Structure formats: C-alpha cells, structure tokens
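This report refers to the structure that appears directly beneath it.
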Amino acid sequence: MLGFMRRTSFAQWPCSIARTMDLLGDWWTPLVLREAFYGIRRFDAFQESLGIARNTLTDRLRRLVDEGLLEKRPYQTEPVRYDYVLTEKGRDFYDVLLVMNRWGDRWLAGEAGPPVTMRHEVCGQETHAEVVCASCGEPMTAENTRPRMGPGYPPHLAVRPDVRERFAD
C-alpha cells in the first residue's frame, strides 16, 4: 500500500509564480529559474531563498543543467563550487515565467494585489505580459487562435480522421 505523501503548499506564498505552480505540478523547477532571473547563482543562495531541501535542489539544478537551461561555471577550486548561470535556452524561459506571473496576478493575488510587479526598463512603466501575434502584434486568445499541424507532427498520426478533424482549417 502506498503511503500518503505530504507536499508543501505554495498557495499563500507572496509570489504569483509559486501560487500558479501549486496548482500545476512540479513547482521547484520554475521557481529555481525564477531565482536565477532574480540574480541568484549559487547553490546555498538558491537553497536559502527557496527553503528547498538540498537533495531536491541538487536534483532540480542537475536537471536544468542537463536540459541546457543552466550552465555550471566554477568559481572556486578548493573545494570546487559552481555558479549556475542561465544559458540562452534558460533566458528564453523568461517569457513563460512572465505569462505565469500575469495569470497568477489575475487569478491568485488576492485583495492586496500582486505580490511582485514588473517594470519595463525601456519605457519605465509598471506592466505585465501579453501574448501577441509575432506577425501582426494583435493579442492572441483562445477565441482567435487555432492550432495547426506543424511540419514536425508525426505522419502516422496526421492521417487519422480524428486528428485531421481537430486541425481542420
């Protein structure tokens, strides 16, 4: 018989990303990335900031390095210690965090308002993420956007009638 596994809830944390991940699943990975975007680079600083167990943090950092979102750079040789630095692939995840933050601000922030706000340094304004069409700049919504089969869609599935119907033009 499997025992009950208790997990930490992030529902009340002062972070819309944490609250969103409480609903979505493995919250540690995006939170480690969030901290990297906030300027955290060292294991102990990640651990202190997040209050994450060392073994869990080790697993998440290893996975992020293996997946190419973070890169390990030695900053000390005796003993060897590393900075964890965002790669181009990791920096590209920022858009995902911004959109998660926006969603969390809208639906989970509570009466006091968003726990963290975003300032666009280019224009100096407090702002939030918007998903817009890269071609025309108009907002993309579930009502005005449809999925289509791309060139990498598996050919053996593309011929199925139910799949073709889903992606019908």
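How things are named: the first chain in the structure tokens is A, the next is B, and so on; residues count from 1 in each chain; ligands count from 1 in the order shown.
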
Taking 2 positions as the minimum chain separation for residues in the same chain, which residues sit within 8 Å of A:Glu130 when counting only C-alpha atoms? Answer as a PyMOL selection string.
chain A and resi 99+128+132+139

Step one, run DSSP on the backbone; step two, keep only residues of chain A assigned to strand (DSSP E); then write them as number ranges by chain.
A: 70-77, 80-86, 118-120, 125-127

Save out the residues we just selected, C-alpha atoms, as a PDB file, in the first residue's frame.
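Heads up, here's the output in selection_3.pdb:
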ATOM      1  CA  LEU A  70      21.603  26.465 -16.748  1.00  0.00           C
ATOM      2  CA  GLU A  71      25.347  26.130 -17.099  1.00  0.00           C
ATOM      3  CA  LYS A  72      27.732  25.284 -14.253  1.00  0.00           C
ATOM      4  CA  ARG A  73      30.723  27.614 -14.014  1.00  0.00           C
ATOM      5  CA  PRO A  74      33.355  27.004 -11.345  1.00  0.00           C
ATOM      6  CA  TYR A  75      34.067  29.995  -9.111  1.00  0.00           C
ATOM      7  CA  GLN A  76      36.212  28.156  -6.533  1.00  0.00           C
ATOM      8  CA  THR A  77      38.607  25.220  -6.834  1.00  0.00           C
ATOM      9  CA  VAL A  80      35.085  23.010  -6.226  1.00  0.00           C
ATOM     10  CA  ARG A  81      31.992  25.220  -6.160  1.00  0.00           C
ATOM     11  CA  TYR A  82      29.849  26.423  -9.012  1.00  0.00           C
ATOM     12  CA  ASP A  83      27.740  29.319 -10.158  1.00  0.00           C
ATOM     13  CA  TYR A  84      24.593  28.301 -12.026  1.00  0.00           C
ATOM     14  CA  VAL A  85      24.185  30.681 -14.953  1.00  0.00           C
ATOM     15  CA  LEU A  86      21.250  30.929 -17.330  1.00  0.00           C
ATOM     16  CA  MET A 118       7.158  44.076 -13.286  1.00  0.00           C
ATOM     17  CA  ARG A 119       8.768  47.277 -14.521  1.00  0.00           C
ATOM     18  CA  HIS A 120       9.774  47.544 -18.169  1.00  0.00           C
ATOM     19  CA  GLN A 125       6.337  51.661 -16.790  1.00  0.00           C
ATOM     20  CA  GLU A 126       4.869  49.053 -14.452  1.00  0.00           C
ATOM     21  CA  THR A 127       3.460  46.408 -16.786  1.00  0.00           C
TER      22      THR A 127
END

Within 9 Å of stretch 30-36 of chain A using only C-alpha atoms, minus same-chain residues under 5 positions, as a list of chain:residue names:
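So the residues in contact are A:Ile17, A:Ala18, A:Met21, A:Arg41, A:Phe46, A:Ser49, A:Leu50, A:Leu57, A:Arg60, A:Leu61, A:Leu64, A:Leu69, A:Leu70, A:Tyr84, A:Val85, A:Leu86, A:Gly90, A:Arg91, A:Phe93, A:Tyr94, A:Leu97.
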
Take the selection from the previous step and output its residues with N, CA, C and O atoms, as a tab-separated table (two decimals), in the first residue's frame.
chain	number	residue	atom	x	y	z
A	17	ILE	N	3.99	33.19	-9.29
A	17	ILE	CA	4.53	32.00	-9.95
A	17	ILE	C	4.42	30.81	-9.00
A	17	ILE	O	3.98	29.73	-9.40
A	18	ALA	N	4.78	30.99	-7.75
A	18	ALA	CA	4.67	29.90	-6.78
A	18	ALA	C	3.23	29.45	-6.62
A	18	ALA	O	2.94	28.25	-6.58
A	21	MET	N	2.22	27.46	-9.69
A	21	MET	CA	2.83	26.14	-9.71
A	21	MET	C	2.22	25.23	-8.64
A	21	MET	O	2.22	24.01	-8.80
A	41	ARG	N	22.80	32.78	-8.13
A	41	ARG	CA	23.69	31.96	-8.95
A	41	ARG	C	24.30	30.79	-8.18
A	41	ARG	O	24.81	29.86	-8.80
A	46	PHE	N	20.32	29.72	-3.62
A	46	PHE	CA	19.06	29.11	-4.06
A	46	PHE	C	18.38	28.43	-2.88
A	46	PHE	O	17.18	28.60	-2.64
A	49	SER	N	17.04	31.03	-0.31
A	49	SER	CA	15.94	31.82	-0.85
A	49	SER	C	14.65	31.03	-0.95
A	49	SER	O	13.56	31.54	-0.65
A	50	LEU	N	14.76	29.78	-1.39
A	50	LEU	CA	13.57	28.96	-1.61
A	50	LEU	C	13.17	28.11	-0.41
A	50	LEU	O	12.03	27.65	-0.34
A	57	LEU	N	16.99	20.38	-4.40
A	57	LEU	CA	17.66	21.43	-5.17
A	57	LEU	C	18.74	20.82	-6.06
A	57	LEU	O	18.86	21.19	-7.23
A	60	ARG	N	17.03	19.32	-9.05
A	60	ARG	CA	16.50	20.32	-9.99
A	60	ARG	C	17.62	21.03	-10.74
A	60	ARG	O	17.52	21.23	-11.94
A	61	LEU	N	18.69	21.40	-10.04
A	61	LEU	CA	19.81	22.06	-10.72
A	61	LEU	C	20.45	21.12	-11.73
A	61	LEU	O	20.78	21.52	-12.85
A	64	LEU	N	18.22	20.99	-14.75
A	64	LEU	CA	18.29	22.23	-15.54
A	64	LEU	C	19.61	22.34	-16.30
A	64	LEU	O	19.64	22.83	-17.43
A	69	LEU	N	19.33	24.59	-19.66
A	69	LEU	CA	18.78	25.88	-19.23
A	69	LEU	C	19.74	26.63	-18.31
A	69	LEU	O	19.72	27.85	-18.24
A	70	LEU	N	20.56	25.89	-17.59
A	70	LEU	CA	21.60	26.46	-16.75
A	70	LEU	C	22.94	25.85	-17.13
A	70	LEU	O	23.00	24.72	-17.63
A	84	TYR	N	25.56	28.82	-11.05
A	84	TYR	CA	24.59	28.30	-12.03
A	84	TYR	C	24.09	29.49	-12.82
A	84	TYR	O	23.44	30.38	-12.28
A	85	VAL	N	24.43	29.53	-14.10
A	85	VAL	CA	24.18	30.68	-14.95
A	85	VAL	C	23.18	30.30	-16.05
A	85	VAL	O	23.31	29.24	-16.67
A	86	LEU	N	22.22	31.16	-16.27
A	86	LEU	CA	21.25	30.93	-17.33
A	86	LEU	C	21.92	30.90	-18.69
A	86	LEU	O	22.77	31.74	-18.99
A	90	GLY	N	17.81	28.92	-21.26
A	90	GLY	CA	17.23	29.28	-19.97
A	90	GLY	C	16.64	30.68	-19.97
A	90	GLY	O	15.55	30.90	-19.45
A	91	ARG	N	17.36	31.63	-20.56
A	91	ARG	CA	16.86	33.01	-20.63
A	91	ARG	C	15.57	33.09	-21.43
A	91	ARG	O	14.69	33.89	-21.16
A	93	PHE	N	13.20	31.09	-21.28
A	93	PHE	CA	12.10	30.67	-20.41
A	93	PHE	C	11.45	31.85	-19.69
A	93	PHE	O	10.37	31.72	-19.13
A	94	TYR	N	12.10	33.00	-19.72
A	94	TYR	CA	11.57	34.18	-19.02
A	94	TYR	C	10.16	34.52	-19.48
A	94	TYR	O	9.30	34.88	-18.66
A	97	LEU	N	7.70	32.48	-17.56
A	97	LEU	CA	7.51	32.96	-16.19
A	97	LEU	C	6.68	34.24	-16.16
A	97	LEU	O	5.84	34.42	-15.27

Counting only C-alpha atoms, figure out which residue out of A:Thr87, A:Asp92, A:Asn144, A:Gln12 gets nearest to A:Gly110.
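So, comparing all the options, the nearest one is A:Gln12.
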
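Atom pair atom CA of A:Lys89 / atom CA of A:Glu67 has a distance of 9.0 Å (rounded to one decimal).
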
Among stretch 98-166 of chain A, which ones does DSSP place in helix (DSSP H, G or I), written as a ChimeraX atom specification?
/A:98-108,155-158,161-166

Exercise: A:Val96 partners within 10 Å, only C-alpha atoms, chain neighbours under 5 positions left out, as number ranges by chain
A: 30, 101-102, 129

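In this comparison, which uses only C-alpha atoms, the residue of A:Ile52, A:Pro114, A:Cys123, A:Ala45 approaching A:Trp28 most closely is A:Ile52.
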